[in-house]
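Data first, discussion second: the structure below is written as C-alpha cells.
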Amino acid sequence: MKFNFTRALAYLALLFFSITSGLTLAQNYPTKPITLIVPFAAGGPTDIVARTLAATMSKTVGQTVLVDNKLGAGGTLAAAFVANAQPDGYTLLIHHNGMSTAPALYRKLSFNPLTDFEYIGQVVDVPMTLIARKDIPAKNLQELIAYIKQNSSKINLANAGLGAVSHLCGMLFQKAIGVELTTVPFSGTAPALNALLGGQVDILCDQTTQTTQHIKSGTVKMFGVTTKERIKALPEYPTLSEGGLKDFEVIVWHGVYAPKGTANATLEKIGNTLRTATKDPSFVAKMADLGAESVSDTKLTSEGLKSWLQTEINKWGPVIKSAGVYSD
C-alpha cells in the first residue's frame, strides 16, 4: 500500500485539533448550566440535600446548577441515564446508598456502579429515624414492638420503593424484632411520609432531612434514630440501640458522580466546587438543622467515594441476598 504523506499529516492535524479543543473546553468549564440528576421524588430527603447543594454550588462554580428528578426502579433509571450521558461535566448524579445495593437487588442492571462512573466525592451522612403515625398507641420503642407483635396482621410499614434506604431500614427492623409486616412501597419517601401523616400507613423509617421538622412539631411519633449515638438535631430522642435493638445502625450517605470519560480538568473543577460547597456555612447550617452530618475530607474525594462504595456493596450484598429480595 502506498503511503500518503498528505493524508497522514491531515489526520494528525485533525487529531491534534480534537485533543486541544477538548482540553480547551475542559479548561473553560463550565460555560452553561449544570444539571444534577436526582433519582427520587421532589421534596424527598435526597432531593432536599440535592437542592441545598445545587444552590451552594451555583455560587461557587459561576453557573446555575439545576436539579432534575428522574424517578424509577429504585434510582437505577437515573443512574443509567447519567452513565450514558455525554461526559462533558454538564450532567451529574447525586445518589445515596442505592448505588451500593443495586447490584444485589437487580438481576439485570444496565450499569456497573464501580466501572461506569467518575467519582467526585461524598456530600453528607444522614441518620434515619423510626417514626409512626401520631395516634399510634405506644410511647416508646418497647411499647411499639409489643403493639406490633399483638397487631402484626393489621400494621403496615411504608417505604420509598425497592432498594430505597427506607426499604432496607424496614427490612432490618423487621428482622430485629422478629416480625414480618405488610410493606407498602411508594415512589419516594415524600409520598410515603404524606401517607403516614394522613394515617394511611402506620410506620416509616426515613431520613432526618425529611422527618426532623415533623418530629419537632409532633405531627408524627418518634421512636429512635438509627445512629450509634444521639444526634444534635434531636438530642432528646434515644437511638434504637438504646431502646433495645442492639447495634442497629443505618446511615444514609450521598455521593456525586459524573459519566465515565469526563476530562480530568473538568472533574477537578467539579471536585473543588463540591468541597467548597459542602464547607459553606449556609450549607453546613442547613444540613445540621436537618440532622445531617458533615463528612471527612477523605470522603470528599474521588478515591474516598469509590472506596466507600465498594465497602457498602460488600456490606449490603449478603444482607439483600439472604433476604431473597430482588427485581428483574
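Residues in the C-alpha cells are numbered from 1 in each chain, the chains being A, B, ... in the order shown, and ligands are numbered from 1 in the order shown.
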Give me the residues within 6 Å of segment 152-165 of chain A as a VMD selection string, counting only C-alpha atoms and dropping any in the same chain fewer than 4 places off.
-> chain A and resid 74 148 169 181 to 189 201 to 204
Next, dump the selected residues to file, keeping only N, CA and C atoms, as a CSV table (one decimal), in the first residue's frame.
chain,number,residue,atom,x,y,z
A,74,GLY,N,-36.0,2.3,41.8
A,74,GLY,CA,-35.1,2.4,42.9
A,74,GLY,C,-33.9,3.3,42.7
A,148,ILE,N,-46.8,-3.9,67.9
A,148,ILE,CA,-46.7,-4.5,66.6
A,148,ILE,C,-46.9,-6.0,66.7
A,169,CYS,N,-33.9,-0.2,55.7
A,169,CYS,CA,-34.0,0.0,57.1
A,169,CYS,C,-35.2,-0.8,57.7
A,181,LEU,N,-44.0,-7.8,58.5
A,181,LEU,CA,-45.1,-6.9,58.3
A,181,LEU,C,-45.5,-6.7,56.9
A,182,THR,N,-46.7,-6.2,56.7
A,182,THR,CA,-47.1,-5.9,55.3
A,182,THR,C,-46.4,-4.6,54.9
A,183,THR,N,-45.7,-4.6,53.8
A,183,THR,CA,-45.0,-3.4,53.4
A,183,THR,C,-45.7,-2.7,52.3
A,184,VAL,N,-45.7,-1.4,52.3
A,184,VAL,CA,-46.4,-0.6,51.3
A,184,VAL,C,-45.3,0.3,50.6
A,185,PRO,N,-44.9,0.0,49.3
A,185,PRO,CA,-43.9,0.8,48.6
A,185,PRO,C,-44.6,2.0,48.0
A,186,PHE,N,-43.8,3.1,48.0
A,186,PHE,CA,-44.3,4.3,47.3
A,186,PHE,C,-43.2,4.7,46.3
A,187,SER,N,-43.4,5.8,45.5
A,187,SER,CA,-42.5,6.2,44.5
A,187,SER,C,-41.4,7.1,45.1
A,188,GLY,N,-41.4,7.2,46.4
A,188,GLY,CA,-40.4,8.1,47.1
A,188,GLY,C,-40.8,8.3,48.5
A,189,THR,N,-39.9,8.8,49.4
A,189,THR,CA,-40.2,8.9,50.8
A,189,THR,C,-41.2,10.1,51.0
A,201,VAL,N,-50.8,4.8,56.4
A,201,VAL,CA,-49.8,3.8,56.8
A,201,VAL,C,-49.4,4.0,58.2
A,202,ASP,N,-48.8,3.0,58.8
A,202,ASP,CA,-48.5,3.1,60.3
A,202,ASP,C,-47.1,3.5,60.7
A,203,ILE,N,-46.1,2.9,60.0
A,203,ILE,CA,-44.7,3.1,60.4
A,203,ILE,C,-43.9,3.4,59.1
A,204,LEU,N,-42.8,4.2,59.4
A,204,LEU,CA,-41.9,4.5,58.3
A,204,LEU,C,-40.5,4.7,58.9
What are the closest atom pairs, with distances in Å to one decimal, for each residue of segment 43-124 of chain A lying within 12 Å of segment 264-273 of chain A, using only C-alpha atoms, rows by chain and rising residue number, as JSON lines?
{"residue": "A:Leu53", "atom": "CA", "partner": "A:Thr273", "partner_atom": "CA", "distance": 10.3}
{"residue": "A:Ala54", "atom": "CA", "partner": "A:Thr273", "partner_atom": "CA", "distance": 10.4}
{"residue": "A:Ala55", "atom": "CA", "partner": "A:Thr273", "partner_atom": "CA", "distance": 11.7}
{"residue": "A:Thr56", "atom": "CA", "partner": "A:Thr273", "partner_atom": "CA", "distance": 9.2}
{"residue": "A:Met57", "atom": "CA", "partner": "A:Thr273", "partner_atom": "CA", "distance": 6.2}
{"residue": "A:Ser58", "atom": "CA", "partner": "A:Thr273", "partner_atom": "CA", "distance": 8.9}
{"residue": "A:Lys59", "atom": "CA", "partner": "A:Thr273", "partner_atom": "CA", "distance": 9.3}
{"residue": "A:Thr60", "atom": "CA", "partner": "A:Thr273", "partner_atom": "CA", "distance": 6.2}
{"residue": "A:Val61", "atom": "CA", "partner": "A:Thr273", "partner_atom": "CA", "distance": 6.1}
{"residue": "A:Gly62", "atom": "CA", "partner": "A:Thr273", "partner_atom": "CA", "distance": 9.9}
{"residue": "A:Gln63", "atom": "CA", "partner": "A:Thr273", "partner_atom": "CA", "distance": 11.2}
{"residue": "A:Val65", "atom": "CA", "partner": "A:Thr273", "partner_atom": "CA", "distance": 11.2}
{"residue": "A:Pro87", "atom": "CA", "partner": "A:Thr266", "partner_atom": "CA", "distance": 9.6}
{"residue": "A:Asp88", "atom": "CA", "partner": "A:Thr266", "partner_atom": "CA", "distance": 7.6}
{"residue": "A:Gly89", "atom": "CA", "partner": "A:Thr266", "partner_atom": "CA", "distance": 6.3}
{"residue": "A:Tyr90", "atom": "CA", "partner": "A:Thr266", "partner_atom": "CA", "distance": 9.6}
{"residue": "A:Thr91", "atom": "CA", "partner": "A:Ile270", "partner_atom": "CA", "distance": 11.2}
{"residue": "A:Leu92", "atom": "CA", "partner": "A:Ile270", "partner_atom": "CA", "distance": 9.6}
{"residue": "A:Leu93", "atom": "CA", "partner": "A:Ile270", "partner_atom": "CA", "distance": 12.0}
{"residue": "A:Phe117", "atom": "CA", "partner": "A:Leu267", "partner_atom": "CA", "distance": 11.4}
{"residue": "A:Glu118", "atom": "CA", "partner": "A:Leu267", "partner_atom": "CA", "distance": 8.0}
{"residue": "A:Tyr119", "atom": "CA", "partner": "A:Leu267", "partner_atom": "CA", "distance": 8.5}
{"residue": "A:Ile120", "atom": "CA", "partner": "A:Gly271", "partner_atom": "CA", "distance": 5.5}
{"residue": "A:Gly121", "atom": "CA", "partner": "A:Gly271", "partner_atom": "CA", "distance": 7.0}
{"residue": "A:Gln122", "atom": "CA", "partner": "A:Gly271", "partner_atom": "CA", "distance": 10.0}
{"residue": "A:Val123", "atom": "CA", "partner": "A:Gly271", "partner_atom": "CA", "distance": 10.9}
Deliver the residues from the most recent selection as a file, using N, CA and C atoms, as a PDB file, in the first residue's frame.
ATOM      1  N   LEU A  53     -27.472  21.617  48.039  1.00  0.00           N
ATOM      2  CA  LEU A  53     -26.131  21.544  47.459  1.00  0.00           C
ATOM      3  C   LEU A  53     -26.061  22.321  46.150  1.00  0.00           C
ATOM      4  N   ALA A  54     -27.060  22.163  45.293  1.00  0.00           N
ATOM      5  CA  ALA A  54     -27.071  22.841  43.989  1.00  0.00           C
ATOM      6  C   ALA A  54     -27.029  24.356  44.160  1.00  0.00           C
ATOM      7  N   ALA A  55     -27.807  24.866  45.105  1.00  0.00           N
ATOM      8  CA  ALA A  55     -27.836  26.313  45.342  1.00  0.00           C
ATOM      9  C   ALA A  55     -26.465  26.818  45.796  1.00  0.00           C
ATOM     10  N   THR A  56     -25.799  26.038  46.639  1.00  0.00           N
ATOM     11  CA  THR A  56     -24.490  26.439  47.148  1.00  0.00           C
ATOM     12  C   THR A  56     -23.416  26.299  46.073  1.00  0.00           C
ATOM     13  N   MET A  57     -23.479  25.221  45.280  1.00  0.00           N
ATOM     14  CA  MET A  57     -22.514  25.042  44.200  1.00  0.00           C
ATOM     15  C   MET A  57     -22.637  26.140  43.150  1.00  0.00           C
ATOM     16  N   SER A  58     -23.860  26.596  42.910  1.00  0.00           N
ATOM     17  CA  SER A  58     -24.082  27.651  41.912  1.00  0.00           C
ATOM     18  C   SER A  58     -23.295  28.912  42.253  1.00  0.00           C
ATOM     19  N   LYS A  59     -23.196  29.193  43.549  1.00  0.00           N
ATOM     20  CA  LYS A  59     -22.464  30.386  43.976  1.00  0.00           C
ATOM     21  C   LYS A  59     -20.971  30.256  43.682  1.00  0.00           C
ATOM     22  N   THR A  60     -20.481  29.032  43.738  1.00  0.00           N
ATOM     23  CA  THR A  60     -19.049  28.795  43.603  1.00  0.00           C
ATOM     24  C   THR A  60     -18.601  28.587  42.167  1.00  0.00           C
ATOM     25  N   VAL A  61     -19.395  27.852  41.382  1.00  0.00           N
ATOM     26  CA  VAL A  61     -18.964  27.434  40.058  1.00  0.00           C
ATOM     27  C   VAL A  61     -19.188  28.503  38.990  1.00  0.00           C
ATOM     28  N   GLY A  62     -20.033  29.487  39.279  1.00  0.00           N
ATOM     29  CA  GLY A  62     -20.249  30.561  38.315  1.00  0.00           C
ATOM     30  C   GLY A  62     -21.319  30.270  37.283  1.00  0.00           C
ATOM     31  N   GLN A  63     -22.018  29.156  37.440  1.00  0.00           N
ATOM     32  CA  GLN A  63     -23.138  28.800  36.567  1.00  0.00           C
ATOM     33  C   GLN A  63     -24.258  28.218  37.442  1.00  0.00           C
ATOM     34  N   VAL A  65     -26.700  25.589  38.837  1.00  0.00           N
ATOM     35  CA  VAL A  65     -26.775  24.133  38.935  1.00  0.00           C
ATOM     36  C   VAL A  65     -28.246  23.777  39.114  1.00  0.00           C
ATOM     37  N   PRO A  87     -19.967  12.805  28.488  1.00  0.00           N
ATOM     38  CA  PRO A  87     -19.006  13.018  29.581  1.00  0.00           C
ATOM     39  C   PRO A  87     -18.367  14.403  29.527  1.00  0.00           C
ATOM     40  N   ASP A  88     -19.219  15.435  29.602  1.00  0.00           N
ATOM     41  CA  ASP A  88     -18.723  16.810  29.478  1.00  0.00           C
ATOM     42  C   ASP A  88     -18.848  17.614  30.775  1.00  0.00           C
ATOM     43  N   GLY A  89     -19.315  16.954  31.839  1.00  0.00           N
ATOM     44  CA  GLY A  89     -19.416  17.643  33.124  1.00  0.00           C
ATOM     45  C   GLY A  89     -20.707  18.395  33.339  1.00  0.00           C
ATOM     46  N   TYR A  90     -21.609  18.351  32.358  1.00  0.00           N
ATOM     47  CA  TYR A  90     -22.858  19.108  32.490  1.00  0.00           C
ATOM     48  C   TYR A  90     -24.031  18.246  32.968  1.00  0.00           C
ATOM     49  N   THR A  91     -23.806  16.957  33.119  1.00  0.00           N
ATOM     50  CA  THR A  91     -24.819  16.064  33.680  1.00  0.00           C
ATOM     51  C   THR A  91     -24.168  15.251  34.786  1.00  0.00           C
ATOM     52  N   LEU A  92     -24.601  15.504  36.013  1.00  0.00           N
ATOM     53  CA  LEU A  92     -24.048  14.831  37.184  1.00  0.00           C
ATOM     54  C   LEU A  92     -25.150  14.063  37.910  1.00  0.00           C
ATOM     55  N   LEU A  93     -24.751  13.138  38.729  1.00  0.00           N
ATOM     56  CA  LEU A  93     -25.693  12.330  39.514  1.00  0.00           C
ATOM     57  C   LEU A  93     -25.405  12.491  40.993  1.00  0.00           C
ATOM     58  N   PHE A 117     -18.685   5.099  36.047  1.00  0.00           N
ATOM     59  CA  PHE A 117     -18.774   6.488  36.509  1.00  0.00           C
ATOM     60  C   PHE A 117     -17.402   7.023  36.886  1.00  0.00           C
ATOM     61  N   GLU A 118     -17.327   8.339  36.907  1.00  0.00           N
ATOM     62  CA  GLU A 118     -16.218   9.032  37.557  1.00  0.00           C
ATOM     63  C   GLU A 118     -16.752   9.463  38.915  1.00  0.00           C
ATOM     64  N   TYR A 119     -15.912   9.391  39.941  1.00  0.00           N
ATOM     65  CA  TYR A 119     -16.374   9.631  41.311  1.00  0.00           C
ATOM     66  C   TYR A 119     -15.893  11.001  41.776  1.00  0.00           C
ATOM     67  N   ILE A 120     -16.833  11.832  42.183  1.00  0.00           N
ATOM     68  CA  ILE A 120     -16.496  13.194  42.616  1.00  0.00           C
ATOM     69  C   ILE A 120     -16.218  13.222  44.109  1.00  0.00           C
ATOM     70  N   GLY A 121     -17.159  12.757  44.915  1.00  0.00           N
ATOM     71  CA  GLY A 121     -16.971  12.746  46.366  1.00  0.00           C
ATOM     72  C   GLY A 121     -18.296  12.613  47.085  1.00  0.00           C
ATOM     73  N   GLN A 122     -18.225  12.340  48.370  1.00  0.00           N
ATOM     74  CA  GLN A 122     -19.434  12.261  49.180  1.00  0.00           C
ATOM     75  C   GLN A 122     -19.884  13.656  49.603  1.00  0.00           C
ATOM     76  N   VAL A 123     -21.112  13.738  50.088  1.00  0.00           N
ATOM     77  CA  VAL A 123     -21.679  15.037  50.440  1.00  0.00           C
ATOM     78  C   VAL A 123     -21.940  15.129  51.944  1.00  0.00           C
TER      79      VAL A 123
END
In Å, how far is it from atom CA of Met171 of chain A to atom CA of Ala50 of chain A?
-> 25.9 Å
Restricting the calculation to only C-alpha atoms, which member of A:Asp47, A:Asp206, A:Glu143, A:Asp247 is positioned closest to His95 of chain A?
-> A:Asp47
Name the residues of segment 36-147 of chain A that fall into strand (DSSP E) according to DSSP on the backbone, using the chain letters and numbers of this document, as an NGL selection string.
-> :A and (36-38 or 65-69 or 91-95 or 117-133)
Hey, can you spit out that residue selection with C-alpha atoms as a PDB file, in the first residue's frame?
ATOM      1  CA  LEU A  36     -27.740  17.483  38.886  1.00  0.00           C
ATOM      2  CA  ILE A  37     -29.856  14.355  38.405  1.00  0.00           C
ATOM      3  CA  VAL A  38     -31.780  13.142  41.482  1.00  0.00           C
ATOM      4  CA  VAL A  65     -26.775  24.133  38.935  1.00  0.00           C
ATOM      5  CA  LEU A  66     -30.216  22.789  38.090  1.00  0.00           C
ATOM      6  CA  VAL A  67     -31.931  19.818  39.753  1.00  0.00           C
ATOM      7  CA  ASP A  68     -33.767  17.268  37.624  1.00  0.00           C
ATOM      8  CA  ASN A  69     -35.734  14.445  39.271  1.00  0.00           C
ATOM      9  CA  THR A  91     -24.819  16.064  33.680  1.00  0.00           C
ATOM     10  CA  LEU A  92     -24.048  14.831  37.184  1.00  0.00           C
ATOM     11  CA  LEU A  93     -25.693  12.330  39.514  1.00  0.00           C
ATOM     12  CA  ILE A  94     -26.324  12.565  43.234  1.00  0.00           C
ATOM     13  CA  HIS A  95     -27.279   9.210  44.708  1.00  0.00           C
ATOM     14  CA  PHE A 117     -18.774   6.488  36.509  1.00  0.00           C
ATOM     15  CA  GLU A 118     -16.218   9.032  37.557  1.00  0.00           C
ATOM     16  CA  TYR A 119     -16.374   9.631  41.311  1.00  0.00           C
ATOM     17  CA  ILE A 120     -16.496  13.194  42.616  1.00  0.00           C
ATOM     18  CA  GLY A 121     -16.971  12.746  46.366  1.00  0.00           C
ATOM     19  CA  GLN A 122     -19.434  12.261  49.180  1.00  0.00           C
ATOM     20  CA  VAL A 123     -21.679  15.037  50.440  1.00  0.00           C
ATOM     21  CA  VAL A 124     -23.241  14.359  53.837  1.00  0.00           C
ATOM     22  CA  ASP A 125     -24.206  11.468  56.096  1.00  0.00           C
ATOM     23  CA  VAL A 126     -27.833  11.404  57.182  1.00  0.00           C
ATOM     24  CA  PRO A 127     -29.270   9.400  60.103  1.00  0.00           C
ATOM     25  CA  MET A 128     -32.574   7.583  59.742  1.00  0.00           C
ATOM     26  CA  THR A 129     -35.493   7.860  62.146  1.00  0.00           C
ATOM     27  CA  LEU A 130     -38.131   5.286  63.013  1.00  0.00           C
ATOM     28  CA  ILE A 131     -41.444   7.144  63.082  1.00  0.00           C
ATOM     29  CA  ALA A 132     -45.126   6.248  63.213  1.00  0.00           C
ATOM     30  CA  ARG A 133     -48.481   7.940  62.768  1.00  0.00           C
TER      31      ARG A 133
END
Do a neighbour search on Phe173 of chain A at 9 Å with only C-alpha atoms, toss out local chain neighbours closer than 6 positions, and write the hits as JSON, numbers by chain.
-> {"A": [179, 205, 245, 248]}
Residue selection dump (C-alpha atoms) as a CSV table (one decimal), in the first residue's frame:
chain,number,residue,atom,x,y,z
A,179,VAL,CA,-42.0,-9.9,62.9
A,205,CYS,CA,-38.1,4.6,58.5
A,245,LEU,CA,-32.3,-3.1,69.3
A,248,PHE,CA,-29.0,-1.2,65.0
12 Å contact set for segment 100-114 of chain A, only C-alpha atoms, chain neighbours under 3 positions out, as a VMD selection string = chain A and resid 73 to 84 93 95 to 97 117 to 119 161 to 165 167 to 168 252 to 255 257 to 260 302 to 303 305 to 328
For those residues, write C-alpha atoms to a file as a tab-separated table (two decimals), in the first residue's frame.
chain	number	residue	atom	x	y	z
A	73	ALA	CA	-36.60	1.46	39.55
A	74	GLY	CA	-35.12	2.41	42.90
A	75	GLY	CA	-32.87	5.06	41.42
A	76	THR	CA	-31.38	2.85	38.71
A	77	LEU	CA	-33.05	4.73	35.84
A	78	ALA	CA	-31.39	7.97	36.88
A	79	ALA	CA	-28.03	6.27	37.38
A	80	ALA	CA	-28.24	4.63	33.94
A	81	PHE	CA	-29.20	7.98	32.40
A	82	VAL	CA	-26.08	9.64	33.78
A	83	ALA	CA	-23.86	6.68	32.92
A	84	ASN	CA	-24.90	7.13	29.27
A	93	LEU	CA	-25.69	12.33	39.51
A	95	HIS	CA	-27.28	9.21	44.71
A	96	HIS	CA	-27.38	7.59	48.12
A	97	ASN	CA	-26.83	4.02	49.38
A	117	PHE	CA	-18.77	6.49	36.51
A	118	GLU	CA	-16.22	9.03	37.56
A	119	TYR	CA	-16.37	9.63	41.31
A	161	GLY	CA	-39.68	1.53	46.89
A	162	LEU	CA	-37.44	-1.45	46.24
A	163	GLY	CA	-33.86	-0.72	47.19
A	164	ALA	CA	-34.55	2.61	48.86
A	165	VAL	CA	-32.83	3.07	52.21
A	167	HIS	CA	-36.86	-0.25	52.44
A	168	LEU	CA	-33.54	-1.60	53.74
A	252	VAL	CA	-27.65	7.34	54.54
A	253	TRP	CA	-24.67	8.60	52.57
A	254	HIS	CA	-24.80	10.67	49.41
A	255	GLY	CA	-22.25	10.78	46.60
A	257	TYR	CA	-20.89	11.07	40.15
A	258	ALA	CA	-20.08	12.02	36.55
A	259	PRO	CA	-20.20	9.91	33.38
A	260	LYS	CA	-17.16	7.75	32.70
A	302	SER	CA	-12.92	10.63	44.30
A	303	GLU	CA	-10.88	7.89	45.96
A	305	LEU	CA	-16.21	7.83	47.44
A	306	LYS	CA	-15.17	4.84	45.34
A	307	SER	CA	-13.61	3.08	48.33
A	308	TRP	CA	-16.74	3.65	50.42
A	309	LEU	CA	-18.97	2.45	47.58
A	310	GLN	CA	-17.05	-0.83	47.42
A	311	THR	CA	-17.30	-1.21	51.20
A	312	GLU	CA	-21.06	-0.69	51.11
A	313	ILE	CA	-21.52	-3.13	48.22
A	314	ASN	CA	-19.73	-5.74	50.32
A	315	LYS	CA	-21.91	-4.90	53.33
A	316	TRP	CA	-25.38	-4.86	51.78
A	317	GLY	CA	-24.98	-7.57	49.14
A	318	PRO	CA	-25.14	-10.50	51.59
A	319	VAL	CA	-27.99	-8.91	53.58
A	320	ILE	CA	-30.15	-8.48	50.49
A	321	LYS	CA	-29.37	-11.90	49.05
A	322	SER	CA	-30.11	-13.66	52.35
A	323	ALA	CA	-33.50	-11.90	52.43
A	324	GLY	CA	-34.29	-13.12	48.92
A	325	VAL	CA	-35.25	-9.64	47.74
A	326	TYR	CA	-34.57	-8.84	44.10
A	327	SER	CA	-36.09	-7.42	40.95
A	328	ASP	CA	-35.78	-8.35	37.30
Take atom CA of Asp135 of chain A and atom CA of Glu242 of chain A and report the distance between them in Å, one decimal.
->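 Distance between the two atoms: 23.1 Å.
Taking atom CA of Ala192 of chain A and atom CA of Thr212 of chain A as endpoints, the distance between them is 15.3 Å.
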Residues near Asp297 of chain A, cut-off 9 Å, only C-alpha atoms, skip fewer than 4 positions along chain, as a ChimeraX atom specification = /A:275,301,304
Based on DSSP run over this structure's backbone, return all residues of segment 127-211 of chain A in helix (DSSP H, G or I), as a PyMOL selection string.
-> chain A and resi 141-150+165-177+189-197+208-211
Which residues come within 9 Å of Ala292 of chain A, counting only C-alpha atoms, excluding same-chain residues fewer than 3 positions away, as an MDAnalysis selection string?
-> chainID A and resid 124:127 207:209 231 233 284 286:289
